$ cat final21.txt   # compact mmCIF, C-alpha atoms and all ligand atoms
# COMPACT_ATOMS: atom_id res chain seq x y z
CA MET A 1466 67.98 27.21 -61.54
CA ARG A 1467 66.58 23.87 -60.53
CA GLY A 1468 66.25 20.85 -62.82
CA GLN A 1469 63.53 18.28 -62.66
CA ASP A 1470 62.74 16.95 -59.20
CA LEU A 1471 63.66 13.35 -58.47
CA VAL A 1472 60.44 11.52 -57.67
CA MET A 1473 60.98 9.02 -54.85
CA LEU A 1474 57.38 8.93 -53.68
CA PRO A 1475 55.51 5.77 -52.76
CA GLY A 1476 53.62 6.56 -55.99
CA PRO A 1477 53.31 8.06 -58.44
CA VAL A 1478 56.80 7.16 -59.55
CA ASN A 1479 59.30 8.67 -61.94
CA VAL A 1480 58.24 7.94 -65.53
CA THR A 1481 61.03 7.42 -68.06
CA HIS A 1482 61.17 9.41 -71.31
CA ASP A 1483 60.29 6.51 -73.59
CA VAL A 1484 57.18 5.84 -71.51
CA LEU A 1485 56.22 9.52 -71.52
CA SER A 1486 56.61 9.71 -75.26
CA ALA A 1487 54.43 6.60 -75.69
CA MET A 1488 51.77 8.63 -73.90
CA SER A 1489 51.86 11.27 -76.58
CA THR A 1490 50.71 8.79 -79.26
CA PRO A 1491 47.88 10.57 -81.15
CA MET A 1492 44.41 9.34 -80.19
CA PHE A 1493 42.90 6.38 -81.97
CA ASN A 1494 39.65 4.46 -81.84
CA HIS A 1495 39.32 2.38 -78.68
CA ARG A 1496 36.78 0.24 -80.56
CA GLY A 1497 39.25 -0.71 -83.25
CA GLU A 1498 41.95 -3.31 -83.77
CA LYS A 1499 44.73 -0.87 -82.88
CA PHE A 1500 43.48 -0.62 -79.30
CA SER A 1501 42.93 -4.39 -79.05
CA VAL A 1502 46.58 -4.89 -79.99
CA VAL A 1503 47.68 -2.63 -77.11
CA TYR A 1504 45.15 -4.29 -74.78
CA ARG A 1505 46.45 -7.79 -75.56
CA SER A 1506 50.04 -6.71 -75.26
CA VAL A 1507 49.52 -5.09 -71.83
CA LYS A 1508 47.44 -8.05 -70.67
CA GLN A 1509 50.12 -10.62 -71.56
CA LYS A 1510 52.84 -8.62 -69.87
CA VAL A 1511 50.79 -7.97 -66.70
CA ARG A 1512 50.28 -11.72 -66.43
CA LYS A 1513 54.02 -12.24 -66.50
CA VAL A 1514 54.72 -9.56 -63.88
CA LEU A 1515 52.09 -10.94 -61.49
CA ARG A 1516 52.87 -14.57 -62.42
CA SER A 1517 49.28 -15.32 -63.30
CA SER A 1518 47.30 -16.94 -66.06
CA GLY A 1519 44.12 -15.21 -64.89
CA GLU A 1520 41.87 -12.89 -66.88
CA VAL A 1521 42.93 -9.25 -66.80
CA TYR A 1522 40.45 -6.37 -66.50
CA PHE A 1523 41.39 -2.73 -67.10
CA VAL A 1524 39.44 -0.23 -65.03
CA THR A 1525 40.09 3.39 -65.90
CA GLY A 1526 40.66 5.03 -62.53
CA SER A 1527 43.21 4.86 -59.75
CA GLY A 1528 44.05 1.87 -57.56
CA THR A 1529 40.99 2.54 -55.41
CA ALA A 1530 38.81 1.89 -58.45
CA GLY A 1531 40.49 -1.49 -58.88
CA ASN A 1532 39.79 -2.44 -55.27
CA GLU A 1533 36.19 -1.34 -55.66
CA PHE A 1534 35.83 -3.35 -58.89
CA ALA A 1535 37.09 -6.48 -57.10
CA VAL A 1536 35.00 -6.02 -53.95
CA SER A 1537 31.76 -4.99 -55.68
CA ASN A 1538 31.92 -8.02 -57.97
CA LEU A 1539 33.13 -10.68 -55.55
CA VAL A 1540 31.10 -10.04 -52.40
CA ALA A 1541 27.37 -10.37 -51.92
CA PRO A 1542 25.51 -8.20 -49.40
CA LYS A 1543 25.77 -9.64 -45.87
CA GLU A 1544 28.47 -12.10 -46.93
CA LYS A 1545 30.92 -12.79 -44.10
CA VAL A 1546 34.50 -11.98 -44.99
CA ALA A 1547 37.84 -11.72 -43.16
CA VAL A 1548 39.84 -8.55 -43.82
CA PHE A 1549 43.34 -8.08 -42.41
CA THR A 1550 44.16 -4.57 -41.24
CA ASN A 1551 47.60 -3.23 -40.29
CA GLY A 1552 47.84 0.16 -41.96
CA PHE A 1553 46.15 2.99 -43.80
CA PHE A 1554 45.39 1.12 -47.03
CA SER A 1555 44.12 -2.05 -45.40
CA ASP A 1556 41.74 0.15 -43.38
CA ARG A 1557 40.48 1.51 -46.68
CA LEU A 1558 40.10 -2.00 -48.09
CA ARG A 1559 38.04 -2.98 -45.04
CA ASP A 1560 35.86 0.10 -45.53
CA THR A 1561 35.32 -0.82 -49.19
CA PHE A 1562 33.91 -4.19 -48.09
CA ARG A 1563 31.65 -2.45 -45.60
CA ALA A 1564 30.48 0.00 -48.28
CA TYR A 1565 29.25 -3.00 -50.29
CA GLY A 1566 27.37 -4.46 -47.33
CA ALA A 1567 29.78 -7.27 -46.38
CA GLU A 1568 29.91 -8.46 -42.79
CA VAL A 1569 33.58 -7.92 -42.00
CA ILE A 1570 35.57 -9.88 -39.45
CA GLU A 1571 38.53 -7.56 -39.03
CA ILE A 1572 41.85 -9.22 -38.25
CA ALA A 1573 43.81 -6.28 -36.95
CA SER A 1574 47.52 -6.04 -36.18
CA GLN A 1575 49.52 -3.03 -35.07
CA TRP A 1576 50.66 -0.73 -37.86
CA GLY A 1577 54.10 -1.97 -38.91
CA ALA A 1578 53.46 -5.59 -37.85
CA GLY A 1579 52.54 -8.37 -40.29
CA LEU A 1580 49.27 -10.26 -40.68
CA ASP A 1581 47.91 -12.15 -37.69
CA ILE A 1582 47.80 -15.53 -39.39
CA GLU A 1583 46.94 -17.44 -36.19
CA ARG A 1584 43.82 -15.39 -35.63
CA PHE A 1585 42.86 -15.96 -39.28
CA GLU A 1586 43.16 -19.72 -38.80
CA ALA A 1587 40.75 -19.44 -35.90
CA VAL A 1588 38.06 -17.62 -37.92
CA ALA A 1589 38.64 -19.07 -41.41
CA GLY A 1590 35.79 -21.55 -40.95
CA GLU A 1591 33.29 -18.70 -40.48
CA VAL A 1592 33.96 -16.75 -43.68
CA SER A 1593 33.79 -17.24 -47.45
CA LEU A 1594 36.53 -14.82 -48.47
CA ALA A 1595 39.77 -13.31 -47.13
CA ALA A 1596 41.38 -10.05 -48.18
CA ALA A 1597 44.62 -8.23 -47.42
CA VAL A 1598 47.02 -5.65 -48.75
CA PHE A 1599 50.27 -7.14 -50.06
CA ASN A 1600 52.54 -4.13 -49.72
CA GLU A 1601 51.26 -1.81 -46.98
CA THR A 1602 52.44 1.54 -48.35
CA SER A 1603 51.80 3.36 -45.08
CA THR A 1604 54.19 1.21 -43.05
CA GLY A 1605 56.71 -0.11 -45.61
CA ILE A 1606 56.13 -3.81 -45.06
CA VAL A 1607 55.06 -6.73 -47.24
CA ASN A 1608 52.39 -8.94 -45.74
CA GLN A 1609 52.48 -12.75 -45.69
CA ILE A 1610 50.03 -13.29 -48.55
CA ARG A 1611 51.35 -16.77 -49.24
CA ASP A 1612 50.44 -17.89 -45.69
CA MET A 1613 47.04 -16.26 -45.91
CA ALA A 1614 46.29 -17.91 -49.26
CA LYS A 1615 47.41 -21.32 -48.00
CA ILE A 1616 44.95 -21.26 -45.12
CA ALA A 1617 42.26 -19.78 -47.35
CA SER A 1618 42.64 -22.66 -49.79
CA GLN A 1619 42.41 -25.22 -46.96
CA HIS A 1620 39.00 -23.72 -46.14
CA GLY A 1621 37.91 -23.16 -49.75
CA LEU A 1622 37.90 -19.35 -49.39
CA LEU A 1623 38.33 -16.85 -52.18
CA THR A 1624 41.21 -14.39 -51.73
CA ILE A 1625 41.48 -10.76 -52.79
CA VAL A 1626 44.86 -9.00 -52.62
CA ASP A 1627 45.54 -5.28 -53.02
CA ASN A 1628 48.90 -5.24 -54.78
CA VAL A 1629 48.70 -1.58 -55.76
CA SER A 1630 52.17 -0.69 -54.45
CA GLY A 1631 53.81 -4.11 -54.31
CA VAL A 1632 55.02 -4.65 -57.88
CA GLY A 1633 58.80 -4.94 -57.57
CA ASN A 1634 58.53 -7.34 -54.62
CA ARG A 1635 58.29 -10.98 -55.68
CA TYR A 1636 54.64 -11.82 -56.26
CA ASP A 1637 53.29 -15.17 -57.43
CA MET A 1638 49.54 -14.98 -57.90
CA ASP A 1639 49.04 -18.49 -59.31
CA GLY A 1640 51.75 -20.13 -57.21
CA TRP A 1641 50.30 -18.73 -53.99
CA GLY A 1642 46.70 -19.38 -55.06
CA VAL A 1643 45.40 -15.80 -55.00
CA ASP A 1644 42.02 -15.34 -56.73
CA ALA A 1645 41.96 -11.58 -57.29
CA THR A 1646 44.90 -9.20 -57.54
CA VAL A 1647 44.50 -5.46 -57.86
CA THR A 1648 47.28 -3.21 -59.07
CA ALA A 1649 47.61 0.21 -60.71
CA SER A 1650 49.63 1.91 -63.43
CA GLN A 1651 51.44 4.56 -61.37
CA LYS A 1652 53.65 2.53 -59.04
CA GLY A 1653 55.94 -0.41 -59.73
CA LEU A 1654 54.64 -0.69 -63.29
CA GLY A 1655 56.29 2.66 -64.00
CA ALA A 1656 53.52 4.48 -65.89
CA PRO A 1657 51.48 7.58 -64.99
CA PRO A 1658 48.29 7.27 -62.88
CA GLY A 1659 44.96 6.50 -64.51
CA MET A 1660 44.57 2.75 -64.95
CA ALA A 1661 43.70 0.13 -62.36
CA ILE A 1662 44.31 -3.49 -63.29
CA VAL A 1663 42.46 -6.43 -61.78
CA VAL A 1664 43.42 -10.04 -62.45
CA LEU A 1665 40.90 -12.76 -61.60
CA SER A 1666 41.24 -16.54 -61.36
CA ASP A 1667 38.60 -18.70 -63.04
CA ARG A 1668 37.07 -19.36 -59.63
CA ALA A 1669 36.75 -15.64 -59.00
CA ARG A 1670 35.17 -15.10 -62.43
CA GLU A 1671 32.62 -17.82 -61.76
CA LYS A 1672 31.70 -16.20 -58.47
CA ALA A 1673 31.54 -12.72 -60.00
CA LYS A 1674 28.92 -13.90 -62.50
CA LYS A 1675 26.59 -14.77 -59.63
CA ILE A 1676 27.02 -11.69 -57.43
CA PRO A 1677 24.19 -9.12 -57.59
CA LYS A 1678 25.61 -6.10 -59.42
CA ARG A 1679 25.52 -2.90 -57.38
CA SER A 1680 27.58 -0.64 -59.59
CA TYR A 1681 27.18 0.20 -63.26
CA TYR A 1682 30.72 1.42 -63.95
CA PHE A 1683 32.27 -1.63 -62.28
CA ASN A 1684 29.73 -4.17 -63.58
CA PHE A 1685 31.68 -7.42 -64.07
CA ASP A 1686 29.31 -8.80 -66.72
CA LEU A 1687 30.08 -5.86 -68.99
CA PHE A 1688 33.84 -6.09 -68.37
CA GLU A 1689 33.72 -9.84 -69.07
CA LYS A 1690 31.81 -9.33 -72.31
CA TYR A 1691 34.19 -6.68 -73.59
CA ALA A 1692 37.30 -8.53 -72.37
CA GLN A 1693 36.45 -11.31 -74.84
CA GLU A 1694 37.05 -8.72 -77.58
CA ASP A 1695 40.14 -7.21 -75.91
CA SER A 1696 38.26 -4.07 -75.10
CA THR A 1697 36.63 -2.23 -72.19
CA PRO A 1698 32.96 -1.31 -71.59
CA ALA A 1699 33.64 2.45 -71.41
CA THR A 1700 36.29 4.67 -73.00
CA PRO A 1701 39.62 3.66 -71.44
CA ALA A 1702 42.54 5.98 -70.63
CA ILE A 1703 44.12 5.22 -74.02
CA SER A 1704 47.27 7.25 -73.35
CA VAL A 1705 47.90 5.44 -70.07
CA MET A 1706 47.47 2.09 -71.82
CA CYS A 1707 50.11 3.17 -74.37
CA ALA A 1708 52.40 4.20 -71.51
CA LEU A 1709 51.80 0.89 -69.72
CA ASP A 1710 52.64 -1.01 -72.87
CA ALA A 1711 55.98 0.81 -73.09
CA SER A 1712 56.84 0.51 -69.38
CA LEU A 1713 55.91 -3.18 -69.29
CA GLN A 1714 58.04 -3.72 -72.38
CA ASN A 1715 60.98 -2.33 -70.41
CA ILE A 1716 60.24 -4.80 -67.61
CA MET A 1717 60.03 -7.67 -70.11
CA GLU A 1718 63.39 -6.71 -71.57
CA GLU A 1719 64.94 -6.51 -68.12
CA GLY A 1720 63.27 -9.81 -67.13
CA VAL A 1721 60.82 -10.04 -64.22
CA ASP A 1722 63.32 -11.80 -61.95
CA ASN A 1723 65.98 -9.15 -62.66
CA PHE A 1724 63.42 -6.37 -62.19
CA GLU A 1725 62.59 -7.74 -58.75
CA GLU A 1726 66.26 -8.25 -57.92
CA ARG A 1727 66.99 -4.61 -58.79
CA HIS A 1728 64.24 -3.57 -56.37
CA ARG A 1729 65.67 -5.82 -53.69
CA VAL A 1730 69.14 -4.33 -54.04
CA SER A 1731 67.85 -0.73 -54.18
CA ALA A 1732 65.78 -1.29 -51.06
CA SER A 1733 68.70 -2.92 -49.21
CA ALA A 1734 70.99 -0.04 -50.17
CA LEU A 1735 68.49 2.59 -49.10
CA ARG A 1736 67.82 0.86 -45.80
CA ALA A 1737 71.53 0.40 -45.11
CA GLY A 1738 72.10 4.10 -45.77
CA ALA A 1739 69.15 5.29 -43.70
CA LEU A 1740 70.03 3.06 -40.75
CA ARG A 1741 73.63 4.28 -40.94
CA CYS A 1742 72.25 7.81 -40.57
CA GLY A 1743 70.71 6.73 -37.27
CA LEU A 1744 67.17 6.28 -38.52
CA GLU A 1745 65.00 3.33 -37.59
CA LEU A 1746 62.61 1.37 -39.76
CA PHE A 1747 58.99 1.95 -38.81
CA GLY A 1748 57.81 -1.58 -39.53
CA ASP A 1749 59.02 -5.10 -38.81
CA PRO A 1750 62.48 -5.35 -40.44
CA GLU A 1751 61.80 -8.99 -41.31
CA LEU A 1752 58.97 -7.84 -43.57
CA ALA A 1753 60.70 -4.77 -45.03
CA SER A 1754 59.33 -3.91 -48.46
CA ASN A 1755 61.46 -3.68 -51.57
CA THR A 1756 59.29 -0.88 -52.99
CA VAL A 1757 58.61 1.46 -50.04
CA THR A 1758 60.71 2.25 -46.96
CA ALA A 1759 59.07 3.84 -43.92
CA LEU A 1760 61.39 5.41 -41.33
CA LYS A 1761 60.64 6.78 -37.89
CA LEU A 1762 61.15 10.52 -37.54
CA PRO A 1763 58.88 11.55 -34.69
CA GLY A 1764 57.63 15.10 -35.07
CA LYS A 1765 60.20 15.82 -37.79
CA ALA A 1766 58.93 13.95 -40.85
CA ARG A 1767 57.21 16.91 -42.49
CA ALA A 1768 60.22 19.17 -42.03
CA VAL A 1769 62.50 16.57 -43.62
CA VAL A 1770 60.10 16.07 -46.56
CA LYS A 1771 59.96 19.84 -47.10
CA THR A 1772 63.72 20.32 -46.91
CA MET A 1773 64.48 17.38 -49.18
CA LEU A 1774 62.14 18.78 -51.82
CA GLU A 1775 62.72 22.50 -51.53
CA ARG A 1776 66.48 22.49 -50.99
CA TYR A 1777 67.52 19.34 -52.82
CA GLY A 1778 64.77 18.56 -55.36
CA VAL A 1779 63.99 15.08 -54.05
CA ALA A 1780 60.30 14.28 -53.54
CA VAL A 1781 59.54 11.86 -50.70
CA SER A 1782 56.47 11.51 -48.47
CA ALA A 1783 55.47 11.90 -44.86
CA GLY A 1784 53.40 9.34 -42.97
CA LEU A 1785 49.69 8.70 -43.25
CA GLY A 1786 46.85 8.84 -40.76
CA LYS A 1787 48.03 9.06 -37.17
CA TYR A 1788 51.69 8.99 -38.27
CA ARG A 1789 51.48 12.08 -40.50
CA GLU A 1790 54.15 13.90 -38.54
CA ASP A 1791 56.23 10.95 -37.46
CA VAL A 1792 57.10 8.79 -40.45
CA LEU A 1793 59.16 9.44 -43.56
CA ARG A 1794 58.23 7.26 -46.55
CA ILE A 1795 60.51 6.79 -49.53
CA GLY A 1796 59.39 4.96 -52.67
CA HIS A 1797 61.96 3.02 -54.68
CA MET A 1798 60.08 1.39 -57.47
CA GLY A 1799 59.81 1.53 -61.23
CA SER A 1800 63.07 2.60 -62.86
CA VAL A 1801 64.91 3.38 -59.58
CA ASP A 1802 68.59 2.48 -59.56
CA VAL A 1803 71.88 3.37 -57.88
CA LYS A 1804 71.97 7.04 -58.96
CA ASP A 1805 68.49 7.65 -57.54
CA ILE A 1806 69.28 5.93 -54.24
CA VAL A 1807 72.54 7.87 -53.87
CA ALA A 1808 70.84 11.19 -54.66
CA THR A 1809 68.05 10.45 -52.20
CA LEU A 1810 70.42 9.52 -49.39
CA SER A 1811 72.52 12.62 -50.12
CA ALA A 1812 69.44 14.83 -49.83
CA LEU A 1813 68.38 12.97 -46.69
CA GLU A 1814 71.76 13.35 -45.03
CA LEU A 1815 71.99 17.05 -45.87
CA SER A 1816 68.44 17.64 -44.64
CA LEU A 1817 69.05 15.79 -41.36
CA LYS A 1818 72.12 17.94 -40.82
CA GLU A 1819 70.41 21.18 -41.76
CA LEU A 1820 67.51 20.47 -39.41
CA GLY A 1821 69.87 19.64 -36.56
CA ILE A 1822 68.70 16.03 -36.41
CA ARG A 1823 72.15 14.55 -37.10
CA ALA A 1824 75.21 16.67 -36.64
CA ASP A 1825 78.07 14.50 -37.92
CA GLY A 1826 78.91 11.72 -40.29
CA LEU A 1827 77.90 13.35 -43.57
CA GLY A 1828 78.35 10.84 -46.40
CA GLU A 1829 78.22 7.75 -44.20
CA GLY A 1830 74.71 6.83 -45.37
CA VAL A 1831 75.70 7.12 -49.01
CA SER A 1832 78.82 5.08 -48.33
CA SER A 1833 76.79 2.26 -46.74
CA ALA A 1834 74.47 2.21 -49.75
CA LEU A 1835 77.40 2.04 -52.13
CA GLN A 1836 78.78 -0.92 -50.21
CA VAL A 1837 75.52 -2.75 -50.84
CA TYR A 1838 75.71 -1.95 -54.55
CA SER A 1839 79.33 -3.07 -54.72
CA GLY A 1840 78.36 -6.38 -53.14
CA ALA A 1841 80.25 -5.81 -49.88
CA PRO A 1842 78.27 -6.71 -46.76
CA PRO A 1843 76.95 -3.45 -45.30
CA GLU A 1844 78.31 -2.28 -42.00
CA LYS A 1845 76.04 -3.77 -39.34
CA VAL A 1846 73.76 -1.19 -37.78
CA LYS A 1847 70.88 -2.77 -35.96
CA SER A 1848 67.47 -1.30 -36.58
CA GLY A 1849 66.13 -0.23 -33.20
CA GLU A 1850 69.29 1.50 -32.06
CA PRO A 1851 68.86 5.14 -32.96
CA GLN A 1852 72.13 7.02 -33.08
CA PHE A 1853 70.76 10.51 -32.69
CA SER A 1854 72.19 12.78 -30.08
CA HIS A 1855 68.57 13.16 -28.94
CA PRO A 1856 66.93 9.74 -29.28
CA PHE A 1857 63.39 9.60 -30.57
CA ASN A 1858 61.30 7.08 -28.75
CA MET A 1859 58.20 6.61 -30.70
CA LYS A 1860 55.36 4.42 -29.60
CA ARG A 1861 53.52 2.62 -32.37
C1 LIG A 1901 48.39 -0.35 -51.05
C2 LIG A 1901 47.55 0.70 -51.69
N1 LIG A 1901 46.27 0.43 -51.95
C3 LIG A 1901 45.47 1.33 -52.54
C4 LIG A 1901 45.95 2.57 -52.89
C5 LIG A 1901 45.03 3.55 -53.51
O1 LIG A 1901 45.47 3.80 -54.79
P1 LIG A 1901 45.05 5.13 -55.55
O2 LIG A 1901 45.56 6.27 -54.78
O3 LIG A 1901 45.71 4.93 -56.89
O4 LIG A 1901 43.57 5.11 -55.65
C6 LIG A 1901 47.26 2.90 -52.64
C7 LIG A 1901 47.79 4.23 -52.96
O5 LIG A 1901 48.87 4.62 -52.58
C8 LIG A 1901 48.09 1.94 -52.03
O6 LIG A 1901 49.37 2.20 -51.77
$ encode --input "final21.txt" --output "structure tokens"
Amino acid sequence: MRGQDLVMLPGPVNVTHDVLSAMSTPMFNHRGEKFSVVYRSVKQKVRKVLRSSGEVYFVTGSGTAGNEFAVSNLVAPKEKVAVFTNGFFSDRLRDTFRAYGAEVIEIASQWGAGLDIERFEAVAGEVSLAAAVFNETSTGIVNQIRDMAKIASQHGLLTIVDNVSGVGNRYDMDGWGVDATVTASQKGLGAPPGMAIVVLSDRAREKAKKIPKRSYYFNFDLFEKYAQEDSTPATPAISVMCALDASLQNIMEEGVDNFEERHRVSASALRAGALRCGLELFGDPELASNTVTALKLPGKARAVVKTMLERYGVAVSAGLGKYREDVLRIGHMGSVDVKDIVATLSALELSLKELGIRADGLGEGVSSALQVYSGAPPEKVKSGEPQFSHPFNMKR
């Protein structure tokens, strides 16, 4: 008999019982005061998590819907914009701009590397807006949004940030000067999928009023009108809003700083354990994400994902795009804590052994993770020095 799988995906994440039971609240009128109460409550708490005083818009749909809401309302046809690309989701963000007729200057970096800020400085004078992904889920790095926003503000540019998978890493929308932040219910916020959330600065709202509307579902004017009444233009995913209210309440009780610190420790412990098992981080270790870890496993990633799930009940993901076979991605966001990290590393170690990837040292990864949790400095294993008997040399 097998119990419930442990969800360690880069989204959706494990949803705690109290949040699941909030979802089973019987339906009520989304045009009544009861919904407005939930709306206001979620809005206030989202502002705290993202450190923003901006207006919050709820778009029923997944994270992609949130990105499309932001782009369709903030970019005019033929407008020249700078979009940073360094992974699967930033490629999608770029394509969203193109779909709405923007003229995109693409600022590309290798997958796994950070944003090319120098190149941005060189083109910032030519564009009216800059956009990037905060936490690149395909490569497990956090991008330097603060640096991007600083240069953008020097040139008077609007900034759009996809923060769909970044909640759990420190994020300071107002402090950094970001104009539009997109996130979604099913990742760091700890609720099921179904609701995208977009926060806009006053500057962004002013611009959105003037942009020709090319979508009915995402029409900003309608969202703005209904937001004044704590409501949405179309029927929202009421159950997901109830779940979000409960999961955000948990974050409020933990405290946003503590919530982020827990993510930092979980990520450090997981990385220490994985490196001790001889794996290498896929992306720049200096930019390692606290919500998603991507590890190199050339040609073996799918087999490891399958073994971890089928033999040990731990759900993790393989790579995306050209790295489908070569990268293992582990999500550690939402309610993740020491027991989840230990179980994941145990399943990883057993799977590596079973697949003949690592013969010895069973338990060493878990031990390194526990050292992080106990506050002891982890044993130094440098990323970039694979300890396999058959080294994997993977070109990015
Ligand atoms: C950074 C990022 N942006 C956008 C998306 C798209 O979100 P969704 O699949 O909810 O539409 C994802 C999904 O994983 C993501 O990680």
$ residues_near_ligand --input "final21.txt" --ligand "ligand LIG 1901 (chain A)" --cutoff "6 Å" --atoms "all atoms listed in the file" --output "PyMOL selection string"
chain A and resi 1527-1529+1554+1598+1600-1602+1627+1629-1630
$ atom_distance --input "final21.txt" --atom1 "CA of Ala1547 (chain A)" --atom2 "CA of Arg1611 (chain A)"
15.7 Å
$ closest_residue --input "final21.txt" --among "A:Val1484, A:Ala1573, A:Ile1662, A:Leu1622" --to "Asn1715 (chain A)" --atoms "all atoms listed in the file"
A:Val1484
$ axis_aligned_box --input "final21.txt" --around "region 1751-1768 of chain A" --padding-each-side "5 Å" --output "JSON"
{"center_x": 59.5, "center_y": 5.1, "center_z": -43.8, "size_x": 14.6, "size_y": 38.2, "size_z": 28.3}
$ residues_around --input "final21.txt" --residues "Val1548 (chain A)" --least-positions-apart "2" --cutoff "7 Å" --atoms "all atoms listed in the file" --output "PDB file with C-alpha atoms, keeping the file's coordinate frame"
ATOM      1  CA  VAL A1546      34.500 -11.980 -44.990  1.00  0.00           C
ATOM      2  CA  THR A1550      44.160  -4.570 -41.240  1.00  0.00           C
ATOM      3  CA  ARG A1559      38.040  -2.980 -45.040  1.00  0.00           C
ATOM      4  CA  VAL A1569      33.580  -7.920 -42.000  1.00  0.00           C
ATOM      5  CA  ILE A1570      35.570  -9.880 -39.450  1.00  0.00           C
ATOM      6  CA  GLU A1571      38.530  -7.560 -39.030  1.00  0.00           C
ATOM      7  CA  ILE A1572      41.850  -9.220 -38.250  1.00  0.00           C
ATOM      8  CA  ALA A1595      39.770 -13.310 -47.130  1.00  0.00           C
ATOM      9  CA  ALA A1596      41.380 -10.050 -48.180  1.00  0.00           C
ATOM     10  CA  ALA A1597      44.620  -8.230 -47.420  1.00  0.00           C
TER      11      ALA A1597
END
$ closest_residue --input "final21.txt" --among "A:Phe1553, A:Phe1724, A:Phe1523, A:Trp1641" --to "Gly1659 (chain A)" --atoms "only C-alpha atoms"
A:Phe1523
$ atom_distance --input "final21.txt" --atom1 "CA of Tyr1636 (chain A)" --atom2 "CA of Leu1515 (chain A)"
5.9 Å
$ decode --input "final21.txt" --residues "region 1662-1674 of chain A" --atoms "N, CA and C atoms" --output "PDB file, in the first residue's frame"
ATOM      1  N   ILE A1662      -2.502  36.338 -10.045  1.00  0.00           N
ATOM      2  CA  ILE A1662      -2.596  37.591  -9.284  1.00  0.00           C
ATOM      3  C   ILE A1662      -1.629  38.590  -9.909  1.00  0.00           C
ATOM      4  N   VAL A1663      -2.141  39.774 -10.213  1.00  0.00           N
ATOM      5  CA  VAL A1663      -1.286  40.804 -10.812  1.00  0.00           C
ATOM      6  C   VAL A1663      -1.358  42.052  -9.939  1.00  0.00           C
ATOM      7  N   VAL A1664      -0.201  42.552  -9.541  1.00  0.00           N
ATOM      8  CA  VAL A1664      -0.158  43.769  -8.728  1.00  0.00           C
ATOM      9  C   VAL A1664       0.444  44.880  -9.584  1.00  0.00           C
ATOM     10  N   LEU A1665      -0.240  46.020  -9.624  1.00  0.00           N
ATOM     11  CA  LEU A1665       0.221  47.136 -10.458  1.00  0.00           C
ATOM     12  C   LEU A1665       0.467  48.385  -9.622  1.00  0.00           C
ATOM     13  N   SER A1666       1.562  49.084  -9.946  1.00  0.00           N
ATOM     14  CA  SER A1666       1.839  50.386  -9.325  1.00  0.00           C
ATOM     15  C   SER A1666       0.869  51.412  -9.921  1.00  0.00           C
ATOM     16  N   ASP A1667       0.797  52.588  -9.310  1.00  0.00           N
ATOM     17  CA  ASP A1667      -0.080  53.636  -9.850  1.00  0.00           C
ATOM     18  C   ASP A1667       0.341  54.022 -11.259  1.00  0.00           C
ATOM     19  N   ARG A1668       1.653  54.057 -11.480  1.00  0.00           N
ATOM     20  CA  ARG A1668       2.172  54.400 -12.812  1.00  0.00           C
ATOM     21  C   ARG A1668       1.685  53.401 -13.856  1.00  0.00           C
ATOM     22  N   ALA A1669       1.727  52.123 -13.482  1.00  0.00           N
ATOM     23  CA  ALA A1669       1.284  51.076 -14.405  1.00  0.00           C
ATOM     24  C   ALA A1669      -0.214  51.215 -14.673  1.00  0.00           C
ATOM     25  N   ARG A1670      -0.983  51.521 -13.627  1.00  0.00           N
ATOM     26  CA  ARG A1670      -2.436  51.676 -13.812  1.00  0.00           C
ATOM     27  C   ARG A1670      -2.740  52.844 -14.743  1.00  0.00           C
ATOM     28  N   GLU A1671      -1.998  53.926 -14.579  1.00  0.00           N
ATOM     29  CA  GLU A1671      -2.216  55.087 -15.456  1.00  0.00           C
ATOM     30  C   GLU A1671      -1.938  54.709 -16.905  1.00  0.00           C
ATOM     31  N   LYS A1672      -0.863  53.959 -17.109  1.00  0.00           N
ATOM     32  CA  LYS A1672      -0.532  53.559 -18.478  1.00  0.00           C
ATOM     33  C   LYS A1672      -1.605  52.619 -19.024  1.00  0.00           C
ATOM     34  N   ALA A1673      -2.039  51.677 -18.198  1.00  0.00           N
ATOM     35  CA  ALA A1673      -3.012  50.671 -18.655  1.00  0.00           C
ATOM     36  C   ALA A1673      -4.302  51.327 -19.145  1.00  0.00           C
ATOM     37  N   LYS A1674      -4.667  52.455 -18.532  1.00  0.00           N
ATOM     38  CA  LYS A1674      -5.904  53.130 -18.948  1.00  0.00           C
ATOM     39  C   LYS A1674      -5.812  53.589 -20.391  1.00  0.00           C
TER      40      LYS A1674
END
